[in-house]
Amino acid sequence: MPIGRTISSVQTPVIPVIGEWTRNTPGTLSLGQGMVSYPPPPAAMQAIRNFGARPDEHLYGSPLGRPRLLELIEAKLLRENGIDCASGYRVMVTAGSNMAFLNILLAIADPGDEIILPLPYYFNQEMAVRMLNCTPVAVPADDNYQLRLDALKAAITEKTRAIVTVSPNNPSGAVYPEAALRAVNQLCRENGLYHISDEAYEYFTYGDASHFSPGGIKDAEHHTISLYSLSKAYGFASWRTGYLVVPEALLPSLLKVQDTNLICPPLITQYAAIGALETGSSYCKSRVLELAKIRTQVTARLQSLSGVKACATGGAFYLLLKLDTGKNDLQLVKSLISDFKVAVIPGCAFGLHDACYLRVSYGMLDESTANIAMHRLIDGLGKLC
């Protein structure tokens with residue numbers, strides 16, 4: 001039987017592929033999928049301890065989310081992101097920020113439209129653009145993975161609908177300065193485009209780096225869309241809980257999408273999210289201090305390798321390696337798993353094709369495991385490259 005041409009043009013999701021190779025090689029340490037090692041806060045687990053005892057907990061709910069959860073999100077947005085939802089923004093709870101991104105595309109884009117994705121892009125966003133028969137326009141960053149405003153401006157055409165920024169960035173870890181994000185937001189305003197700001201890693205910054213939310217810019221509420229996730233900050237990866245903040249004018253379109261795709265956010269995960277947000281961002285920030293030690297260890301060891309460029313960026317829990325080798329990155333990853341029992345992600349998944357890149361994720365490791373994983377990775381790169 002035939003398979004749709006549109007979905008056939010979408011890249012194979014790399015995480016399940018690497019995951020299967022890893023599972024088939026017992027003892028492999030993963031520097032692959034982006035997750036944290038710590039669990040949800042106790043208040044999140046307590047909030048769902050008696051879930052299901054009341055009849056109304058088995059019924060459909062609001063497509064926007066539970067009133068208490070929306071109240072907590074709006075308070076958090078004002079307090080931490082400078083986004084005042086009373087000034088023309090609306091909030092919708094989604095099953096993770098990946099779903100939020102797809103919802104947004106369905107609301108703002110038509111087949112043939114273009115979405116600008118600075119390189120390296122987050123692969124699921126490029127996949128979503130293609131699934132809707134739109135065109136992802138990849139725009140190179142500079143050597144430190146920072147935005148090139150001149151290149152973004154040059155990429156705009158009459159078909160462009162939005163510019164996407166992911167800061168702190170997946171996969172590079174780059175944190176875009178406030179001035180750069182303001183410039184992108186102004187570029188979108190001047191050209192009648194949406195600025196889609198993915199802020200899933202907002203709490204994961206190190207040293208002098210600091211996070212900035214474009215949605216908090218004065219008069220940005222007509223063209224700025226912000227995406228957030230609880231997956232990383234609160235150890236919620238499997239719970240699939242996120243939310244989006246959009247111009248109020250987009251809400252009728254998003255309600256159509258939500259009602260068709262999800263109907264309403266799962267209630268049990270909303271209860272857990274209420275417990276997490278009542279705990280607050282300090283839960284994550286205290287663990288970022290521990291991650292910072294592992295980051296220093298991982299970065300120092302990889303930067304010492306000859307033939308490897310490892311740019312120490314200021315956020316998330318990723319490090320991109322650019323290797324001085326002619327080897328194919330996907331085959332190199334397969335060999336690292338089968339021969340050295342360490343897994344990473346190939347750069348081709350993120351639109352990086354000019355050289356051999358690998359993404360290293362250290363969010364799941366403690367210091368001891370990180371040391372073993374680094375030894376295996378360094379040994380493997382030395383022998384394979």
# chains A, B, ... in the order shown; residues from 1 in each chain; ligands from 1
>>> select_by_dssp(residues="range 26-117 of chain A", states="strand (DSSP E or B)", output="list in words")
Leu29, Ser30, Tyr89, Arg90, Val91, Met92, Val93, Thr94, Glu114, Ile115, Ile116 and Leu117 of chain A
>>> write_last_selection(atoms="C-alpha atoms", output="compact mmCIF listing (two decimals), in the first residue's frame")
# COMPACT_ATOMS: atom_id res chain seq x y z
CA LEU A 29 26.54 4.77 28.33
CA SER A 30 24.36 7.40 26.67
CA TYR A 89 -1.24 37.21 25.32
CA ARG A 90 -3.05 33.93 25.95
CA VAL A 91 -1.71 30.67 27.40
CA MET A 92 -2.49 27.13 26.26
CA VAL A 93 -1.23 23.95 27.95
CA THR A 94 0.05 21.30 25.52
CA GLU A 114 8.70 29.23 4.67
CA ILE A 115 9.88 29.04 8.28
CA ILE A 116 13.39 30.31 9.04
CA LEU A 117 15.41 28.01 11.32
>>> residues_around(residues="range 37-52 of chain A", least_positions_apart="5", cutoff="9 Å", atoms="only C-alpha atoms", output="ChimeraX atom specification")
/A:57-58,233-236,268-269,271-279,283,287,363-366
>>> atom_distance(atom1="CA of Ser197 in chain A", atom2="CA of Ser8 in chain A")
27.9 Å
>>> closest_atom_pairs(of="range 197-257 of chain A", to="range 314-320 of chain A", cutoff="8 Å", atoms="only C-alpha atoms", output="tab-separated table")
residue	atom	partner	partner_atom	distance
A:Tyr201	CA	A:Ala316	CA	5.6
A:Phe204	CA	A:Ala316	CA	4.9
A:Thr205	CA	A:Gly315	CA	4.2
A:Tyr206	CA	A:Gly314	CA	5.3
A:Gly207	CA	A:Gly314	CA	7.0
A:Asp208	CA	A:Gly314	CA	7.8
A:Ala209	CA	A:Gly314	CA	5.6
>>> closest_residue(among="A:Val245, A:Ile294, A:Leu187, A:Leu77", to="Ala154 in chain A", atoms="only C-alpha atoms")
A:Leu187
>>> residues_around(residues="range 158-165 of chain A", least_positions_apart="6", cutoff="9 Å", atoms="only C-alpha atoms", output="list in words")
Ile108, Ala109, Gly112, Asp113, Glu114, Ile115, Ile116, Leu117, Pro118, Tyr121, Val137, Leu147, Leu152, Tyr176, Leu181, Val184, Asn185, Cys188, Gly192, Leu193, Tyr194, His195, Ile196, Ser197, Asp198 and Glu199 of chain A
>>> residues_around(residues="Val17 in chain A", least_positions_apart="4", cutoff="12 Å", atoms="only C-alpha atoms", output="ChimeraX atom specification")
/A:11-13,21-24,32-33,330,333-334,337,343-346,349
